[in-house]
Each structure stands twice: as C-alpha cells, then as structure tokens.
$ cat target.cif   # mmCIF, N, CA, C and O atoms
data_structure
#
loop_
_atom_site.label_atom_id
_atom_site.label_comp_id
_atom_site.auth_asym_id
_atom_site.auth_seq_id
_atom_site.Cartn_x
_atom_site.Cartn_y
_atom_site.Cartn_z
N MET U 851 -7.99 18.69 -18.51
CA MET U 851 -7.58 18.60 -17.11
C MET U 851 -7.32 20.00 -16.57
O MET U 851 -6.79 20.85 -17.27
N GLY U 852 -7.66 20.19 -15.31
CA GLY U 852 -7.42 21.47 -14.66
C GLY U 852 -6.06 21.50 -13.97
O GLY U 852 -5.34 20.51 -13.94
N GLY U 853 -5.71 22.65 -13.42
CA GLY U 853 -4.41 22.82 -12.76
C GLY U 853 -4.21 21.91 -11.57
O GLY U 853 -3.14 21.35 -11.37
N GLY U 854 -5.26 21.73 -10.75
CA GLY U 854 -5.15 20.85 -9.59
C GLY U 854 -4.88 19.41 -9.98
O GLY U 854 -4.07 18.72 -9.37
N MET U 855 -5.55 18.95 -11.02
CA MET U 855 -5.35 17.57 -11.48
C MET U 855 -3.94 17.41 -12.05
O MET U 855 -3.29 16.39 -11.82
N ASP U 856 -3.45 18.40 -12.79
CA ASP U 856 -2.09 18.35 -13.32
C ASP U 856 -1.07 18.22 -12.19
O ASP U 856 -0.15 17.42 -12.25
N LEU U 857 -1.26 19.02 -11.13
CA LEU U 857 -0.34 18.96 -9.99
C LEU U 857 -0.43 17.62 -9.27
O LEU U 857 0.57 17.02 -8.91
N ALA U 858 -1.66 17.14 -9.05
CA ALA U 858 -1.86 15.89 -8.31
C ALA U 858 -1.29 14.69 -9.06
O ALA U 858 -0.64 13.84 -8.47
N LEU U 859 -1.54 14.62 -10.34
CA LEU U 859 -1.10 13.46 -11.10
C LEU U 859 0.34 13.58 -11.59
O LEU U 859 1.00 12.57 -11.81
N GLY U 860 0.83 14.80 -11.75
CA GLY U 860 2.18 14.99 -12.27
C GLY U 860 3.26 14.99 -11.21
O GLY U 860 4.43 14.78 -11.51
N GLY U 861 2.89 15.18 -9.95
CA GLY U 861 3.88 15.23 -8.88
C GLY U 861 4.39 13.85 -8.51
O GLY U 861 3.67 12.87 -8.60
N LYS U 862 5.65 13.80 -8.09
CA LYS U 862 6.23 12.52 -7.68
C LYS U 862 5.86 12.16 -6.25
O LYS U 862 5.74 10.99 -5.90
N LYS U 863 5.70 13.18 -5.40
CA LYS U 863 5.39 12.93 -4.00
C LYS U 863 4.48 14.04 -3.51
O LYS U 863 4.93 15.14 -3.21
N LEU U 864 3.19 13.77 -3.45
CA LEU U 864 2.21 14.77 -3.06
C LEU U 864 1.97 14.70 -1.55
O LEU U 864 1.66 13.62 -1.02
N MET U 865 2.13 15.85 -0.89
CA MET U 865 1.89 15.93 0.55
C MET U 865 0.78 16.95 0.79
O MET U 865 0.70 17.95 0.08
N VAL U 866 -0.04 16.69 1.79
CA VAL U 866 -1.16 17.56 2.12
C VAL U 866 -0.93 18.18 3.49
O VAL U 866 -0.53 17.47 4.43
N MET U 867 -1.18 19.48 3.60
CA MET U 867 -1.11 20.17 4.89
C MET U 867 -2.52 20.69 5.18
O MET U 867 -3.11 21.36 4.34
N MET U 868 -3.06 20.34 6.36
CA MET U 868 -4.44 20.68 6.68
C MET U 868 -4.66 20.68 8.18
O MET U 868 -3.83 20.18 8.94
N LEU U 869 -5.77 21.25 8.61
CA LEU U 869 -6.20 21.12 9.99
C LEU U 869 -6.77 19.71 10.16
O LEU U 869 -7.38 19.16 9.24
N HIS U 870 -6.60 19.14 11.33
CA HIS U 870 -7.03 17.76 11.56
C HIS U 870 -8.55 17.63 11.67
O HIS U 870 -9.11 16.59 11.30
N THR U 871 -9.22 18.66 12.17
CA THR U 871 -10.67 18.61 12.36
C THR U 871 -11.35 19.81 11.73
O THR U 871 -10.73 20.82 11.43
N THR U 872 -12.65 19.69 11.57
CA THR U 872 -13.47 20.80 11.06
C THR U 872 -13.65 21.84 12.17
O THR U 872 -13.30 21.61 13.32
N LYS U 873 -14.24 22.97 11.82
CA LYS U 873 -14.53 24.01 12.82
C LYS U 873 -15.41 23.48 13.93
O LYS U 873 -15.31 23.91 15.07
N GLU U 874 -16.27 22.52 13.59
CA GLU U 874 -17.19 21.94 14.57
C GLU U 874 -16.55 20.81 15.38
O GLU U 874 -17.18 20.24 16.25
N GLY U 875 -15.31 20.45 15.06
CA GLY U 875 -14.63 19.39 15.79
C GLY U 875 -14.74 18.01 15.15
O GLY U 875 -14.26 17.03 15.70
N GLY U 876 -15.37 17.93 14.00
CA GLY U 876 -15.51 16.65 13.31
C GLY U 876 -14.24 16.27 12.57
O GLY U 876 -13.38 17.11 12.32
N PRO U 877 -14.11 15.01 12.20
CA PRO U 877 -12.89 14.55 11.52
C PRO U 877 -12.82 15.02 10.07
O PRO U 877 -13.83 15.09 9.38
N ARG U 878 -11.63 15.37 9.63
CA ARG U 878 -11.38 15.68 8.22
C ARG U 878 -10.76 14.47 7.51
O ARG U 878 -10.84 14.36 6.30
N ILE U 879 -10.12 13.59 8.27
CA ILE U 879 -9.54 12.38 7.69
C ILE U 879 -10.56 11.27 7.91
O ILE U 879 -10.77 10.81 9.02
N VAL U 880 -11.23 10.90 6.81
CA VAL U 880 -12.37 9.99 6.89
C VAL U 880 -12.08 8.67 6.18
O VAL U 880 -11.09 8.54 5.47
N ARG U 881 -12.97 7.69 6.38
CA ARG U 881 -12.81 6.38 5.74
C ARG U 881 -12.99 6.48 4.23
O ARG U 881 -12.29 5.81 3.47
N GLN U 882 -13.95 7.27 3.79
CA GLN U 882 -14.25 7.38 2.37
C GLN U 882 -14.65 8.82 2.05
O GLN U 882 -15.45 9.42 2.77
N CYS U 883 -14.10 9.34 0.96
CA CYS U 883 -14.40 10.71 0.55
C CYS U 883 -15.84 10.82 0.07
O CYS U 883 -16.34 9.93 -0.62
N THR U 884 -16.48 11.93 0.42
CA THR U 884 -17.84 12.18 -0.04
C THR U 884 -17.88 13.31 -1.06
O THR U 884 -18.89 13.51 -1.71
N PHE U 885 -16.79 14.06 -1.19
CA PHE U 885 -16.69 15.13 -2.17
C PHE U 885 -16.09 14.59 -3.46
O PHE U 885 -15.38 13.58 -3.45
N PRO U 886 -16.33 15.26 -4.59
CA PRO U 886 -15.67 14.83 -5.84
C PRO U 886 -14.15 14.92 -5.68
O PRO U 886 -13.63 15.86 -5.08
N LEU U 887 -13.43 13.94 -6.22
CA LEU U 887 -11.98 13.90 -6.09
C LEU U 887 -11.31 14.50 -7.32
O LEU U 887 -11.74 14.28 -8.45
N THR U 888 -10.24 15.24 -7.07
CA THR U 888 -9.43 15.78 -8.16
C THR U 888 -8.59 14.66 -8.77
O THR U 888 -8.44 14.57 -9.99
N ALA U 889 -8.04 13.81 -7.92
CA ALA U 889 -7.22 12.67 -8.36
C ALA U 889 -7.27 11.61 -7.28
O ALA U 889 -7.43 11.91 -6.11
N ARG U 890 -7.13 10.36 -7.67
CA ARG U 890 -7.16 9.24 -6.72
C ARG U 890 -5.76 8.72 -6.45
O ARG U 890 -4.92 8.70 -7.34
N ASN U 891 -5.56 8.25 -5.21
CA ASN U 891 -4.32 7.55 -4.84
C ASN U 891 -3.05 8.32 -5.16
O ASN U 891 -2.09 7.76 -5.68
N CYS U 892 -3.04 9.60 -4.86
CA CYS U 892 -1.85 10.39 -5.18
C CYS U 892 -1.16 10.96 -3.94
O CYS U 892 0.01 11.30 -3.99
N VAL U 893 -1.85 11.06 -2.81
CA VAL U 893 -1.27 11.64 -1.60
C VAL U 893 -0.39 10.61 -0.91
O VAL U 893 -0.78 9.45 -0.73
N LYS U 894 0.82 11.01 -0.52
CA LYS U 894 1.78 10.13 0.15
C LYS U 894 1.91 10.43 1.64
O LYS U 894 2.24 9.56 2.42
N LYS U 895 1.68 11.69 2.03
CA LYS U 895 1.86 12.07 3.43
C LYS U 895 0.89 13.19 3.77
O LYS U 895 0.63 14.06 2.94
N ILE U 896 0.33 13.13 5.00
CA ILE U 896 -0.59 14.14 5.48
C ILE U 896 0.04 14.80 6.71
O ILE U 896 0.40 14.10 7.67
N PHE U 897 0.13 16.12 6.70
CA PHE U 897 0.60 16.89 7.84
C PHE U 897 -0.60 17.66 8.38
O PHE U 897 -1.24 18.39 7.63
N THR U 898 -0.92 17.48 9.66
CA THR U 898 -1.99 18.27 10.28
C THR U 898 -1.41 19.03 11.46
O THR U 898 -0.23 18.89 11.77
N ASP U 899 -2.26 19.79 12.11
CA ASP U 899 -1.82 20.54 13.27
C ASP U 899 -1.50 19.65 14.47
O ASP U 899 -0.84 20.10 15.41
N ILE U 900 -1.89 18.37 14.43
CA ILE U 900 -1.61 17.48 15.57
C ILE U 900 -0.90 16.19 15.20
O ILE U 900 -0.53 15.42 16.09
N ALA U 901 -0.68 15.93 13.89
CA ALA U 901 -0.09 14.63 13.53
C ALA U 901 0.57 14.67 12.15
O ALA U 901 0.29 15.55 11.34
N VAL U 902 1.43 13.68 11.95
CA VAL U 902 2.00 13.39 10.63
C VAL U 902 1.62 11.95 10.30
O VAL U 902 1.86 11.05 11.10
N ILE U 903 1.01 11.76 9.12
CA ILE U 903 0.47 10.46 8.75
C ILE U 903 0.98 10.08 7.36
O ILE U 903 0.87 10.88 6.42
N ASP U 904 1.54 8.88 7.23
CA ASP U 904 1.94 8.36 5.93
C ASP U 904 0.76 7.61 5.32
O ASP U 904 0.06 6.86 6.01
N VAL U 905 0.54 7.79 4.03
CA VAL U 905 -0.49 7.07 3.30
C VAL U 905 0.20 5.92 2.57
O VAL U 905 1.02 6.15 1.69
N THR U 906 -0.10 4.68 2.98
CA THR U 906 0.56 3.51 2.40
C THR U 906 -0.49 2.54 1.85
O THR U 906 -1.70 2.72 2.08
N LYS U 907 -0.05 1.51 1.16
CA LYS U 907 -0.97 0.49 0.65
C LYS U 907 -1.65 -0.25 1.80
O LYS U 907 -2.76 -0.75 1.66
N GLN U 908 -0.95 -0.35 2.95
CA GLN U 908 -1.51 -1.04 4.11
C GLN U 908 -2.53 -0.17 4.85
O GLN U 908 -3.33 -0.68 5.61
N GLY U 909 -2.47 1.14 4.68
CA GLY U 909 -3.38 2.05 5.35
C GLY U 909 -2.67 3.31 5.79
O GLY U 909 -1.56 3.61 5.35
N LEU U 910 -3.31 4.06 6.67
CA LEU U 910 -2.77 5.31 7.18
C LEU U 910 -1.90 5.02 8.40
O LEU U 910 -2.38 4.47 9.40
N VAL U 911 -0.62 5.39 8.32
CA VAL U 911 0.33 5.09 9.40
C VAL U 911 0.65 6.37 10.14
O VAL U 911 1.18 7.33 9.56
N LEU U 912 0.31 6.41 11.43
CA LEU U 912 0.60 7.56 12.28
C LEU U 912 2.08 7.55 12.62
O LEU U 912 2.58 6.62 13.24
N ARG U 913 2.81 8.59 12.18
CA ARG U 913 4.26 8.67 12.38
C ARG U 913 4.67 9.60 13.50
O ARG U 913 5.66 9.37 14.18
N GLU U 914 3.93 10.70 13.68
CA GLU U 914 4.27 11.67 14.71
C GLU U 914 3.00 12.29 15.26
O GLU U 914 2.01 12.42 14.54
N VAL U 915 3.05 12.68 16.53
CA VAL U 915 1.97 13.44 17.14
C VAL U 915 2.57 14.72 17.72
O VAL U 915 3.74 14.76 18.09
N ALA U 916 1.77 15.75 17.79
CA ALA U 916 2.21 17.03 18.33
C ALA U 916 2.47 16.89 19.84
O ALA U 916 1.90 16.00 20.49
N PRO U 917 3.32 17.75 20.39
CA PRO U 917 3.57 17.71 21.83
C PRO U 917 2.25 17.79 22.61
O PRO U 917 1.32 18.50 22.22
N ALA U 918 2.17 17.04 23.68
CA ALA U 918 1.01 16.98 24.59
C ALA U 918 -0.16 16.17 24.01
O ALA U 918 -1.22 16.13 24.61
N TRP U 919 0.02 15.54 22.86
CA TRP U 919 -1.01 14.69 22.27
C TRP U 919 -0.55 13.24 22.33
O TRP U 919 0.63 12.95 22.29
N THR U 920 -1.53 12.32 22.39
CA THR U 920 -1.22 10.89 22.34
C THR U 920 -1.78 10.31 21.06
O THR U 920 -2.66 10.90 20.41
N ALA U 921 -1.30 9.14 20.71
CA ALA U 921 -1.82 8.44 19.53
C ALA U 921 -3.31 8.15 19.68
O ALA U 921 -4.08 8.28 18.72
N GLU U 922 -3.74 7.82 20.88
CA GLU U 922 -5.15 7.52 21.13
C GLU U 922 -6.02 8.76 20.93
O GLU U 922 -7.13 8.67 20.40
N GLU U 923 -5.53 9.92 21.34
CA GLU U 923 -6.29 11.16 21.15
C GLU U 923 -6.40 11.52 19.67
O GLU U 923 -7.46 11.95 19.21
N VAL U 924 -5.32 11.31 18.92
CA VAL U 924 -5.36 11.56 17.49
C VAL U 924 -6.33 10.61 16.81
O VAL U 924 -7.15 11.01 15.98
N GLN U 925 -6.31 9.33 17.19
CA GLN U 925 -7.25 8.35 16.61
C GLN U 925 -8.69 8.74 16.91
O GLN U 925 -9.56 8.60 16.05
N ALA U 926 -8.95 9.26 18.10
CA ALA U 926 -10.32 9.65 18.46
C ALA U 926 -10.84 10.78 17.57
O ALA U 926 -12.05 10.90 17.38
N LEU U 927 -9.94 11.58 17.01
CA LEU U 927 -10.34 12.69 16.14
C LEU U 927 -10.24 12.33 14.65
O LEU U 927 -10.38 13.19 13.79
N THR U 928 -9.97 11.05 14.37
CA THR U 928 -9.78 10.57 13.00
C THR U 928 -10.77 9.46 12.73
O THR U 928 -10.79 8.47 13.43
N GLU U 929 -11.62 9.64 11.70
CA GLU U 929 -12.61 8.60 11.40
C GLU U 929 -11.93 7.36 10.85
O GLU U 929 -12.27 6.24 11.22
N ALA U 930 -10.96 7.53 9.96
CA ALA U 930 -10.25 6.41 9.38
C ALA U 930 -9.38 5.74 10.43
O ALA U 930 -8.86 6.38 11.34
N LYS U 931 -9.21 4.43 10.32
CA LYS U 931 -8.36 3.67 11.24
C LYS U 931 -6.90 4.03 10.98
O LYS U 931 -6.45 4.07 9.84
N LEU U 932 -6.18 4.33 12.04
CA LEU U 932 -4.75 4.63 11.96
C LEU U 932 -3.93 3.42 12.41
O LEU U 932 -4.28 2.77 13.39
N ILE U 933 -2.87 3.14 11.69
CA ILE U 933 -1.89 2.15 12.12
C ILE U 933 -0.85 2.93 12.90
O ILE U 933 -0.27 3.89 12.38
N ILE U 934 -0.64 2.55 14.15
CA ILE U 934 0.31 3.29 14.98
C ILE U 934 1.73 2.84 14.63
O ILE U 934 2.10 1.70 14.87
N GLY U 935 2.50 3.75 14.05
CA GLY U 935 3.88 3.46 13.70
C GLY U 935 4.80 3.76 14.87
O GLY U 935 4.35 3.98 15.99
N GLU U 936 6.09 3.78 14.60
CA GLU U 936 7.05 4.14 15.64
C GLU U 936 6.98 5.63 15.87
O GLU U 936 7.31 6.42 15.00
N ILE U 937 6.52 6.01 17.04
CA ILE U 937 6.35 7.44 17.37
C ILE U 937 7.45 7.85 18.34
O ILE U 937 7.76 7.19 19.25
#
$ encode --input "target.cif" --output "structure tokens"
Amino acid sequence: MGGGMDLALGGKKLMVMMLHTTKEGGPRIVRQCTFPLTARNCVKKIFTDIAVIDVTKQGLVLREVAPAWTAEEVQALTEAKLIIGEI
C-alpha cells in the first residue's frame, strides 16, 4: 500500500478540499469516477470554493453554499445529484 491509501483507509474522517470545477468549467464532482481510485467509500465531507457537501449513504447532501451562490447554481455545476439539506 502507498502513503495515500494508508491515509485514506486509516483516517477516521476523511475530508476533501478542492475547486468545484475544472479550468474549463466542467464538473469535478461526478456521478462515477473515471480515474483509478486510491480508496473507495472513505470521503465524509467535500469542501469546494462554492459549497460544503456531506457524503452520506443516501447521497451527496449540500450543506452550505458560498455567499452570492444558490443551491440551484451549485447543482448546475455538479454532475452528481445533490440532496439539498438545510442551508
């Protein structure tokens, strides 16, 4: 196992910080990964420049949006379906 896999599988609560979209404006949060995965089902929360999203068994729950953004605008930039939580 490599260092990334050790961190992903050994951590109690893995959170990801990333930009919400690619340089071209495409979604980074997608329905299904196309790249090789370091570990499966280990991320609990995603922080992006425009949103905070919880990863749950029911799906991705939108918890917060950045100022001047709406839940609908965040969903438009997200390929995966978001469950709108209490914002």
$ closest_residue --input "target.cif" --among "U:Ile937, U:Leu927, U:Val905, U:Ile900" --to "Thr872 in chain U" --atoms "all atoms listed in the file"
U:Leu927
$ atom_distance --input "target.cif" --atom1 "CA of Thr906 in chain U" --atom2 "CA of Lys894 in chain U"
7.1 Å
$ residues_around --input "target.cif" --residues "range 873-887 of chain U" --least-positions-apart "6" --cutoff "7 Å" --atoms "only N, CA, C and O atoms" --output "number ranges by chain"
U: 926-931
$ resolve_selection --input "target.cif" --expression "the PyMOL selection byres (((chain U and resi 909-922 and name CA) around 7) and name CA)" --output "list in words"
Ile900, Ala901, Val902, Ile903, Asp904, Val905, Thr906, Lys907, Gln908, Glu923, Val924, Gln925, Ala926, Leu932, Ile933, Ile934, Gly935, Glu936 and Ile937 of chain U
$ atom_distance --input "target.cif" --atom1 "atom C of Met868 in chain U" --atom2 "CA of Lys895 in chain U"
11.8 Å
$ select_by_dssp --input "target.cif" --residues "range 878-933 of chain U" --states "strand (DSSP E)" --output "ChimeraX atom specification"
/U:893-897,901-905,910-915,932-933
$ decode --input "target.cif" --residues "range 879-934 of chain U" --atoms "C-alpha atoms" --output "PDB file, in the first residue's frame"
ATOM      1  CA  ILE U 879     -17.963  16.150  -8.615  1.00  0.00           C
ATOM      2  CA  VAL U 880     -19.280  13.473 -10.949  1.00  0.00           C
ATOM      3  CA  ARG U 881     -21.701  10.529 -10.823  1.00  0.00           C
ATOM      4  CA  GLN U 882     -18.958   7.945 -11.293  1.00  0.00           C
ATOM      5  CA  CYS U 883     -15.170   8.191 -11.112  1.00  0.00           C
ATOM      6  CA  THR U 884     -13.272   7.537 -14.322  1.00  0.00           C
ATOM      7  CA  PHE U 885      -9.773   7.690 -12.793  1.00  0.00           C
ATOM      8  CA  PRO U 886      -8.230   4.865 -10.744  1.00  0.00           C
ATOM      9  CA  LEU U 887      -9.262   5.188  -7.083  1.00  0.00           C
ATOM     10  CA  THR U 888      -6.852   5.207  -4.169  1.00  0.00           C
ATOM     11  CA  ALA U 889      -9.610   4.022  -1.811  1.00  0.00           C
ATOM     12  CA  ARG U 890     -13.381   3.560  -2.020  1.00  0.00           C
ATOM     13  CA  ASN U 891     -16.088   4.963   0.258  1.00  0.00           C
ATOM     14  CA  CYS U 892     -13.746   6.865   2.552  1.00  0.00           C
ATOM     15  CA  VAL U 893     -14.610  10.562   1.995  1.00  0.00           C
ATOM     16  CA  LYS U 894     -17.106  12.012   4.501  1.00  0.00           C
ATOM     17  CA  LYS U 895     -17.167  15.699   3.524  1.00  0.00           C
ATOM     18  CA  ILE U 896     -16.229  17.766   0.467  1.00  0.00           C
ATOM     19  CA  PHE U 897     -15.245  21.435   0.758  1.00  0.00           C
ATOM     20  CA  THR U 898     -15.075  23.406  -2.503  1.00  0.00           C
ATOM     21  CA  ASP U 899     -14.718  27.059  -3.337  1.00  0.00           C
ATOM     22  CA  ILE U 900     -18.525  27.355  -3.614  1.00  0.00           C
ATOM     23  CA  ALA U 901     -20.039  24.635  -1.399  1.00  0.00           C
ATOM     24  CA  VAL U 902     -19.804  22.224   1.509  1.00  0.00           C
ATOM     25  CA  ILE U 903     -21.158  18.750   0.767  1.00  0.00           C
ATOM     26  CA  ASP U 904     -21.627  15.779   3.101  1.00  0.00           C
ATOM     27  CA  VAL U 905     -21.109  12.316   1.611  1.00  0.00           C
ATOM     28  CA  THR U 906     -23.769  10.009   3.091  1.00  0.00           C
ATOM     29  CA  LYS U 907     -25.262   6.595   2.316  1.00  0.00           C
ATOM     30  CA  GLN U 908     -28.300   8.426   0.903  1.00  0.00           C
ATOM     31  CA  GLY U 909     -26.134  10.529  -1.431  1.00  0.00           C
ATOM     32  CA  LEU U 910     -24.386  13.891  -1.568  1.00  0.00           C
ATOM     33  CA  VAL U 911     -26.037  16.409   0.772  1.00  0.00           C
ATOM     34  CA  LEU U 912     -25.466  20.100   0.054  1.00  0.00           C
ATOM     35  CA  ARG U 913     -24.953  21.774   3.449  1.00  0.00           C
ATOM     36  CA  GLU U 914     -23.610  25.233   2.607  1.00  0.00           C
ATOM     37  CA  VAL U 915     -23.140  27.483  -0.391  1.00  0.00           C
ATOM     38  CA  ALA U 916     -20.738  30.398  -0.724  1.00  0.00           C
ATOM     39  CA  PRO U 917     -22.114  33.942  -0.472  1.00  0.00           C
ATOM     40  CA  ALA U 918     -23.909  35.074  -3.664  1.00  0.00           C
ATOM     41  CA  TRP U 919     -24.442  31.446  -4.789  1.00  0.00           C
ATOM     42  CA  THR U 920     -27.676  29.456  -4.780  1.00  0.00           C
ATOM     43  CA  ALA U 921     -28.239  25.735  -4.395  1.00  0.00           C
ATOM     44  CA  GLU U 922     -29.509  25.621  -7.981  1.00  0.00           C
ATOM     45  CA  GLU U 923     -26.313  27.245  -9.302  1.00  0.00           C
ATOM     46  CA  VAL U 924     -24.166  24.761  -7.384  1.00  0.00           C
ATOM     47  CA  GLN U 925     -26.240  21.842  -8.741  1.00  0.00           C
ATOM     48  CA  ALA U 926     -25.792  23.176 -12.287  1.00  0.00           C
ATOM     49  CA  LEU U 927     -22.003  22.890 -11.825  1.00  0.00           C
ATOM     50  CA  THR U 928     -22.226  19.407 -10.261  1.00  0.00           C
ATOM     51  CA  GLU U 929     -22.782  16.307 -12.388  1.00  0.00           C
ATOM     52  CA  ALA U 930     -23.828  14.173  -9.421  1.00  0.00           C
ATOM     53  CA  LYS U 931     -27.309  14.756  -7.975  1.00  0.00           C
ATOM     54  CA  LEU U 932     -27.242  16.827  -4.797  1.00  0.00           C
ATOM     55  CA  ILE U 933     -29.719  16.445  -1.950  1.00  0.00           C
ATOM     56  CA  ILE U 934     -30.461  19.955  -0.739  1.00  0.00           C
TER      57      ILE U 934
END
